[in-house]
Structure formats: C-alpha cells, structure tokens
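S.K.: Structure in structure tokens, see below.
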Amino acid sequence: IYARSEIKDAGKYLRSASLSPDGERVVITARGEVFNVPADKGVTKNITRSPGAHDRDAEWSPDGKYIAYISDGTGETELYMQDATGSEPIQLTKNNDTYIRSFTWSPDSKSIVYTDRKNRITLLTVASKITTTLLQDPVGEPRGINFSPDSKWLTYTRMESNDFNVVYVFDIAAKKE
C-alpha cells in the first residue's frame with residue numbers, strides 16, 4: 001500500500017496560465033507538469049508527462065501552433081517547445097549555464113527572448129535554435145520585456161545606479177539600446 005502512487009488535485013497547485021490565441025484552450029502549469037485544458041468543454045491533456053522534471057511557465061505561441069515552457073529535465077533549466085496537439089518535446093536550448101527566469105514569444109512566433117540569473121536578455125531564434133545574448137545588466141534583471149508588434153524591437157526596464165527604473169527600447173537588428 002505504501003508503494004502506491006498518490007493522486008493529487010492539480011487545481012490547488014496552479015502556477016501559470018496562458019490562453020490560446022483562438023480562446024479555445026488554456027495551457028496551465030501545476031505540480032511541475034504542463035496541461036492543455038479546454039476553455040469550455042473537451043479533454044484535459046498532460047502534454048509533458050515528466051515526473052522527474054519540473055516544468056513551468058508554459059506559454060502559447062502567438063500563432064497558436066506551439067506551447068513553450070521551461071524545464072529542468074536535463075539538470076539545468078532549458079526551454080522546450082511542443083506542438084499544441086502534444087507531440088514530442090523539442091529542446092530549444094542546450095547546455096544552459098544558469099537558471100532561466102522568464103521568457104516571451106515574439107508576435108511573429110519566430111523568436112523567444114528570455115532572462116536568466118546572470119541578468120542577461122537572450123534572443124532565441126526558434127527555427128534554428130540559435131541563441132544570441134543581447135545584453136547583460138551588471139545591476140539586476142531586466143524586467144517587463146515586450147516585443148514591438150513587428151517583432152523588431154524590445155522594451156524593458158532596468159534599474160539604474162540611482163535606484164530608479166528606466167524604460168529602454170532595444171533595436172534587435174542593430175543590437176543596440
């Protein structure tokens with residue numbers, strides 16, 4: 001009896017939610033798993049089924065085709081992506097050297113930017129899985145990162161030496177604030 005697995009109500013442990021672009025489904029993370037849940041009626045799917053890993057912060061791509069999330073299944077936090085129907089996961093980052101804090105999809109669904117414990121903003125091109133460090137802040141983590149509607153610019157805030165947050169605009173093509 002002590003070797004039996006325990007069934008837990010994941011509804012009490014919700015950590016994040018992201019509505020699909022068409023409003024038909026919601027992706028949620030709870031108890032280290034990613035669930036694709038109907039907004040009204042339908043089947044709930046555990047799309048990660050990874051009991052040995054902590055999956056978190058799942059987000060729909062703006063085109064509604066993919067779900068990205070952070071997982072520590074390799075021993076370090078990495079970004080993964082799955083088809084919205086629940087295909088095998090695709091590992092987007094490899095050999096990450098620190099903890100990924102958060103990420104944001106570009107409006108065209110071609111890129112993801114993420115921040116980490118080294119206070120970097122890193123751009124990931126989804127198709128090629130190539131990462132580019134855009135900047136590293138010596139003071140703290142850049143926050144509130146958003147793409148422009150054309151996916152060519154970023155906005156974010158950084159704390160300056162006077163303890164005031166300053167809003168920055170970053171040109172991705174020129175790699176310049």
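The way I read the labels, and the way they are meant: chains A, B, ... in the order of the structure tokens, residue 1 as the first residue of every chain, and ligand 1 as the first ligand shown, with later ones counted on from there.
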Name all residues at most 8 Å from stretch 152-164 of chain A (count only C-alpha atoms; drop same-chain ones fewer than 3 positions away) and give them as a ChimeraX atom specification.

M.R.: /A:137,139-149,167-173

S.K.: Next, dump the selected residues to file, keeping only all heavy atoms, as a short mmCIF file (atom, residue, chain, number, x, y, z; two decimals), in the first residue's frame.

M.R.:
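This went into part-v1.cif:
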data_model
loop_
_atom_site.label_atom_id
_atom_site.label_comp_id
_atom_site.auth_asym_id
_atom_site.auth_seq_id
_atom_site.Cartn_x
_atom_site.Cartn_y
_atom_site.Cartn_z
N ASP A 137 22.98 43.00 -17.84
CA ASP A 137 22.90 44.14 -16.94
C ASP A 137 23.74 43.85 -15.70
O ASP A 137 23.53 42.83 -15.04
CB ASP A 137 21.45 44.37 -16.55
CG ASP A 137 21.25 45.67 -15.81
OD1 ASP A 137 22.08 46.00 -14.94
OD2 ASP A 137 20.25 46.36 -16.07
N VAL A 139 23.62 45.38 -12.85
CA VAL A 139 22.91 45.74 -11.62
C VAL A 139 21.83 44.73 -11.26
O VAL A 139 21.71 44.31 -10.11
CB VAL A 139 22.31 47.15 -11.73
CG1 VAL A 139 21.52 47.52 -10.50
CG2 VAL A 139 23.40 48.18 -12.00
N GLY A 140 20.99 44.34 -12.21
CA GLY A 140 19.88 43.45 -11.91
C GLY A 140 19.21 42.95 -13.17
O GLY A 140 19.58 43.31 -14.28
N GLU A 141 18.20 42.12 -12.96
CA GLU A 141 17.48 41.52 -14.08
C GLU A 141 16.60 42.54 -14.79
O GLU A 141 15.81 43.23 -14.16
CB GLU A 141 16.59 40.38 -13.56
CG GLU A 141 15.73 39.75 -14.63
CD GLU A 141 14.70 38.79 -14.07
OE1 GLU A 141 14.56 38.69 -12.84
OE2 GLU A 141 14.03 38.14 -14.88
N PRO A 142 16.73 42.67 -16.11
CA PRO A 142 15.79 43.50 -16.86
C PRO A 142 14.39 42.91 -16.72
O PRO A 142 14.21 41.70 -16.72
CB PRO A 142 16.28 43.40 -18.31
CG PRO A 142 17.72 42.98 -18.18
CD PRO A 142 17.77 42.11 -16.97
N ARG A 143 13.38 43.77 -16.57
CA ARG A 143 12.01 43.30 -16.33
C ARG A 143 11.04 43.88 -17.34
O ARG A 143 11.34 44.86 -18.01
CB ARG A 143 11.58 43.68 -14.92
CG ARG A 143 12.45 43.06 -13.86
CD ARG A 143 11.81 43.15 -12.49
NE ARG A 143 12.67 42.59 -11.48
CZ ARG A 143 12.62 41.32 -11.08
NH1 ARG A 143 11.76 40.50 -11.61
NH2 ARG A 143 13.42 40.89 -10.14
N GLY A 144 9.87 43.26 -17.41
CA GLY A 144 8.81 43.76 -18.27
C GLY A 144 9.16 43.74 -19.74
O GLY A 144 8.79 44.64 -20.48
N ILE A 145 9.84 42.70 -20.18
CA ILE A 145 10.29 42.64 -21.57
C ILE A 145 9.11 42.37 -22.49
O ILE A 145 8.34 41.44 -22.28
CB ILE A 145 11.37 41.56 -21.75
CG1 ILE A 145 12.57 41.87 -20.85
CG2 ILE A 145 11.79 41.44 -23.21
CD1 ILE A 145 13.59 40.79 -20.78
N ASN A 146 9.00 43.19 -23.52
CA ASN A 146 7.95 43.04 -24.53
C ASN A 146 8.52 43.32 -25.91
O ASN A 146 9.41 44.15 -26.07
CB ASN A 146 6.80 44.02 -24.27
CG ASN A 146 5.96 43.59 -23.11
OD1 ASN A 146 5.37 42.52 -23.13
ND2 ASN A 146 5.90 44.43 -22.09
N PHE A 147 7.97 42.62 -26.89
CA PHE A 147 8.30 42.87 -28.29
C PHE A 147 7.39 43.95 -28.85
O PHE A 147 6.25 44.10 -28.41
CB PHE A 147 8.07 41.60 -29.13
CG PHE A 147 9.19 40.61 -29.11
CD1 PHE A 147 9.20 39.59 -28.18
CD2 PHE A 147 10.22 40.68 -30.03
CE1 PHE A 147 10.21 38.65 -28.17
CE2 PHE A 147 11.24 39.75 -30.03
CZ PHE A 147 11.24 38.73 -29.10
N SER A 148 7.88 44.67 -29.86
CA SER A 148 7.02 45.56 -30.63
C SER A 148 6.14 44.68 -31.52
O SER A 148 6.46 43.52 -31.77
CB SER A 148 7.87 46.51 -31.48
OG SER A 148 8.64 45.77 -32.41
N PRO A 149 5.02 45.20 -32.02
CA PRO A 149 4.13 44.39 -32.86
C PRO A 149 4.80 43.81 -34.11
O PRO A 149 4.40 42.75 -34.59
CB PRO A 149 3.02 45.37 -33.26
CG PRO A 149 3.00 46.37 -32.15
CD PRO A 149 4.44 46.51 -31.72
N VAL A 167 12.95 52.92 -18.57
CA VAL A 167 12.43 52.16 -19.69
C VAL A 167 13.42 52.28 -20.85
O VAL A 167 13.84 53.38 -21.21
CB VAL A 167 11.04 52.66 -20.12
CG1 VAL A 167 10.54 51.89 -21.35
CG2 VAL A 167 10.05 52.52 -18.97
N TYR A 168 13.76 51.14 -21.46
CA TYR A 168 14.67 51.10 -22.60
C TYR A 168 13.96 50.53 -23.81
O TYR A 168 13.05 49.71 -23.68
CB TYR A 168 15.89 50.23 -22.30
CG TYR A 168 16.88 50.88 -21.37
CD1 TYR A 168 16.76 50.73 -20.00
CD2 TYR A 168 17.93 51.64 -21.87
CE1 TYR A 168 17.67 51.33 -19.13
CE2 TYR A 168 18.84 52.23 -21.02
CZ TYR A 168 18.70 52.07 -19.65
OH TYR A 168 19.60 52.66 -18.80
N VAL A 169 14.41 50.96 -24.97
CA VAL A 169 13.97 50.40 -26.24
C VAL A 169 15.22 49.82 -26.89
O VAL A 169 16.27 50.46 -26.93
CB VAL A 169 13.34 51.48 -27.14
CG1 VAL A 169 12.93 50.89 -28.49
CG2 VAL A 169 12.14 52.11 -26.45
N PHE A 170 15.10 48.58 -27.39
CA PHE A 170 16.26 47.87 -27.95
C PHE A 170 15.96 47.49 -29.39
O PHE A 170 14.96 46.83 -29.68
CB PHE A 170 16.53 46.61 -27.11
CG PHE A 170 17.83 45.95 -27.42
CD1 PHE A 170 18.98 46.27 -26.72
CD2 PHE A 170 17.91 44.99 -28.42
CE1 PHE A 170 20.19 45.64 -27.00
CE2 PHE A 170 19.12 44.35 -28.70
CZ PHE A 170 20.25 44.69 -27.99
N ASP A 171 16.84 47.91 -30.30
CA ASP A 171 16.75 47.55 -31.72
C ASP A 171 17.42 46.20 -31.89
O ASP A 171 18.64 46.08 -31.73
CB ASP A 171 17.45 48.63 -32.55
CG ASP A 171 17.39 48.35 -34.04
OD1 ASP A 171 17.01 47.24 -34.46
OD2 ASP A 171 17.73 49.29 -34.80
N ILE A 172 16.64 45.17 -32.19
CA ILE A 172 17.19 43.80 -32.28
C ILE A 172 18.17 43.68 -33.41
O ILE A 172 19.24 43.07 -33.25
CB ILE A 172 16.04 42.78 -32.38
CG1 ILE A 172 15.20 42.79 -31.09
CG2 ILE A 172 16.58 41.37 -32.64
CD1 ILE A 172 13.94 41.98 -31.15
N ALA A 173 17.85 44.22 -34.59
CA ALA A 173 18.74 44.09 -35.75
C ALA A 173 20.09 44.77 -35.51
O ALA A 173 21.14 44.20 -35.84
CB ALA A 173 18.08 44.67 -36.99
#

S.K.: Report the closest atom pair, with its distance in Å rounded to one decimal, for each residue of stretch 69-174 of chain A that has an atom no farther than 12 Å from stretch 42-57 of chain A; count only C-alpha atoms, sort by chain and then rising residue number, and write it as a Markdown table.

M.R.:
| residue | atom | partner | partner_atom | distance |
| --- | --- | --- | --- | --- |
| A:Tyr69 | CA | A:Asp57 | CA | 5.5 |
| A:Ile70 | CA | A:Arg56 | CA | 5.3 |
| A:Ser71 | CA | A:Asp55 | CA | 4.3 |
| A:Asp72 | CA | A:Ala53 | CA | 5.6 |
| A:Gly73 | CA | A:Ala53 | CA | 4.5 |
| A:Thr74 | CA | A:Ala53 | CA | 8.2 |
| A:Gly75 | CA | A:Ala53 | CA | 8.5 |
| A:Glu76 | CA | A:Ala53 | CA | 10.1 |
| A:Thr77 | CA | A:His54 | CA | 9.1 |
| A:Glu78 | CA | A:Asp55 | CA | 9.7 |
| A:Leu79 | CA | A:Asp55 | CA | 9.6 |
| A:Tyr80 | CA | A:Asp55 | CA | 9.3 |
| A:Met81 | CA | A:Thr48 | CA | 10.1 |
| A:Gln82 | CA | A:Ile47 | CA | 8.2 |
| A:Asp83 | CA | A:Ile47 | CA | 9.5 |
| A:Ala84 | CA | A:Ile47 | CA | 8.7 |
| A:Thr85 | CA | A:Ile47 | CA | 8.2 |
| A:Gly86 | CA | A:Ile47 | CA | 5.2 |
| A:Ser87 | CA | A:Ile47 | CA | 7.9 |
| A:Glu88 | CA | A:Thr48 | CA | 8.5 |
| A:Pro89 | CA | A:Thr48 | CA | 7.7 |
| A:Ile90 | CA | A:Thr48 | CA | 11.2 |
| A:Ile100 | CA | A:Asp57 | CA | 10.6 |
| A:Arg101 | CA | A:Asp57 | CA | 9.4 |
| A:Ser102 | CA | A:Asp57 | CA | 7.5 |
| A:Phe103 | CA | A:Asp57 | CA | 8.4 |
| A:Thr104 | CA | A:Asp57 | CA | 10.2 |
| A:Tyr114 | CA | A:Asp57 | CA | 11.8 |

S.K.: Could the residues in this selection be written to a file with C-alpha atoms, as a CSV table (one decimal), in the first residue's frame?

M.R.:
chain,number,residue,atom,x,y,z
A,69,TYR,CA,7.9,26.1,-21.4
A,70,ILE,CA,10.9,25.9,-19.1
A,71,SER,CA,12.0,22.5,-17.7
A,72,ASP,CA,14.9,21.2,-15.6
A,73,GLY,CA,14.8,17.7,-17.0
A,74,THR,CA,18.4,17.8,-18.1
A,75,GLY,CA,19.6,19.1,-14.7
A,76,GLU,CA,19.7,22.7,-15.8
A,77,THR,CA,16.8,24.9,-16.9
A,78,GLU,CA,16.2,24.8,-20.6
A,79,LEU,CA,13.5,26.0,-23.0
A,80,TYR,CA,11.3,23.4,-24.7
A,81,MET,CA,8.5,23.6,-27.2
A,82,GLN,CA,5.8,21.2,-28.2
A,83,ASP,CA,3.2,21.2,-30.9
A,84,ALA,CA,-0.1,22.3,-29.4
A,85,THR,CA,-1.5,18.8,-30.1
A,86,GLY,CA,1.0,17.3,-27.7
A,87,SER,CA,3.8,15.9,-29.9
A,88,GLU,CA,7.3,15.0,-28.6
A,89,PRO,CA,9.1,18.0,-26.9
A,90,ILE,CA,11.7,19.8,-28.9
A,100,ILE,CA,16.2,30.7,-16.9
A,101,ARG,CA,13.8,33.1,-15.1
A,102,SER,CA,11.2,34.0,-17.7
A,103,PHE,CA,10.6,34.2,-21.5
A,104,THR,CA,8.4,35.9,-24.0
A,114,TYR,CA,14.5,35.0,-22.1

S.K.: Which neighbours of stretch 10-22 of chain A fall inside 10 Å, counting only C-alpha atoms, when residues of the same chain fewer than 5 positions from it are skipped, and could you give them as a list of chain:residue names?

M.R.: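 Counting only C-alpha atoms, the residues come to A:Val27, A:Ile28, A:Thr29, A:Ala30, A:Arg31, A:Gly32, A:Glu33, A:Val34, A:Phe35, A:Asn36, A:Val37, A:Pro38, A:Ala39, A:Arg56, A:Asp57, A:Ala58, A:Glu59, A:Trp60, A:Ser61, A:Pro62, A:Asp63, A:Gly64, A:Lys65, A:Tyr66, A:Ile67, A:Ala84.
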
S.K.: Measuring between only C-alpha atoms, which one of A:Ile112, A:Thr125, A:Lys41, A:Lys94 shows the shortest distance to A:Ala68?

M.R.: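 So, comparing all the options, the nearest one is A:Ile112.
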
S.K.: From the DSSP assignment of the backbone, select every residue of chain A that is strand (DSSP E), and format the answer as a ChimeraX atom specification.

M.R.: /A:14-19,25-30,33-38,45-46,55-60,66-71,78-83,90-91,100-105,111-116,120-125,130-136,143-147,153-159,165-171

S.K.: Can you tell me how far atom CA of A:Pro138 sits from atom CA of A:Val126, in Å to one decimal?

M.R.: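 Atom CA of A:Pro138 sits 27.2 Å away from atom CA of A:Val126.
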
S.K.: Using only C-alpha atoms, which residues sit within 9 Å of stretch 129-131 of chain A once same-chain residues fewer than 3 positions away are excluded, as a PyMOL selection string?

M.R.: chain A and resi 91-93+122-126

S.K.: For the residues in that selection, give me N, CA, C and O atoms as a PDB file, in the first residue's frame.

M.R.:
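Written output follows (result-v9.pdb):
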ATOM      1  N   GLN A  91      13.755  20.333 -27.621  1.00  0.00           N
ATOM      2  CA  GLN A  91      14.595  21.126 -26.739  1.00  0.00           C
ATOM      3  C   GLN A  91      15.174  22.284 -27.539  1.00  0.00           C
ATOM      4  O   GLN A  91      15.892  22.092 -28.509  1.00  0.00           O
ATOM      5  N   LEU A  92      14.845  23.512 -27.124  1.00  0.00           N
ATOM      6  CA  LEU A  92      15.277  24.701 -27.856  1.00  0.00           C
ATOM      7  C   LEU A  92      16.644  25.197 -27.417  1.00  0.00           C
ATOM      8  O   LEU A  92      17.382  25.765 -28.219  1.00  0.00           O
ATOM      9  N   THR A  93      16.974  25.057 -26.141  1.00  0.00           N
ATOM     10  CA  THR A  93      18.289  25.483 -25.639  1.00  0.00           C
ATOM     11  C   THR A  93      19.029  24.264 -25.102  1.00  0.00           C
ATOM     12  O   THR A  93      18.412  23.299 -24.672  1.00  0.00           O
ATOM     13  N   THR A 122      18.451  37.173 -23.630  1.00  0.00           N
ATOM     14  CA  THR A 122      18.943  36.328 -24.712  1.00  0.00           C
ATOM     15  C   THR A 122      17.835  36.118 -25.728  1.00  0.00           C
ATOM     16  O   THR A 122      16.694  35.827 -25.362  1.00  0.00           O
ATOM     17  N   LEU A 123      18.182  36.263 -27.000  1.00  0.00           N
ATOM     18  CA  LEU A 123      17.249  36.043 -28.093  1.00  0.00           C
ATOM     19  C   LEU A 123      17.468  34.648 -28.651  1.00  0.00           C
ATOM     20  O   LEU A 123      18.587  34.265 -28.972  1.00  0.00           O
ATOM     21  N   LEU A 124      16.386  33.887 -28.762  1.00  0.00           N
ATOM     22  CA  LEU A 124      16.418  32.543 -29.330  1.00  0.00           C
ATOM     23  C   LEU A 124      15.625  32.555 -30.624  1.00  0.00           C
ATOM     24  O   LEU A 124      14.445  32.924 -30.621  1.00  0.00           O
ATOM     25  N   THR A 125      16.268  32.182 -31.730  1.00  0.00           N
ATOM     26  CA  THR A 125      15.561  32.017 -32.997  1.00  0.00           C
ATOM     27  C   THR A 125      15.018  30.594 -33.001  1.00  0.00           C
ATOM     28  O   THR A 125      15.793  29.636 -32.963  1.00  0.00           O
ATOM     29  N   VAL A 126      13.712  30.451 -33.011  1.00  0.00           N
ATOM     30  CA  VAL A 126      13.070  29.150 -32.806  1.00  0.00           C
ATOM     31  C   VAL A 126      13.455  28.144 -33.886  1.00  0.00           C
ATOM     32  O   VAL A 126      13.811  27.005 -33.572  1.00  0.00           O
TER      33      VAL A 126
END
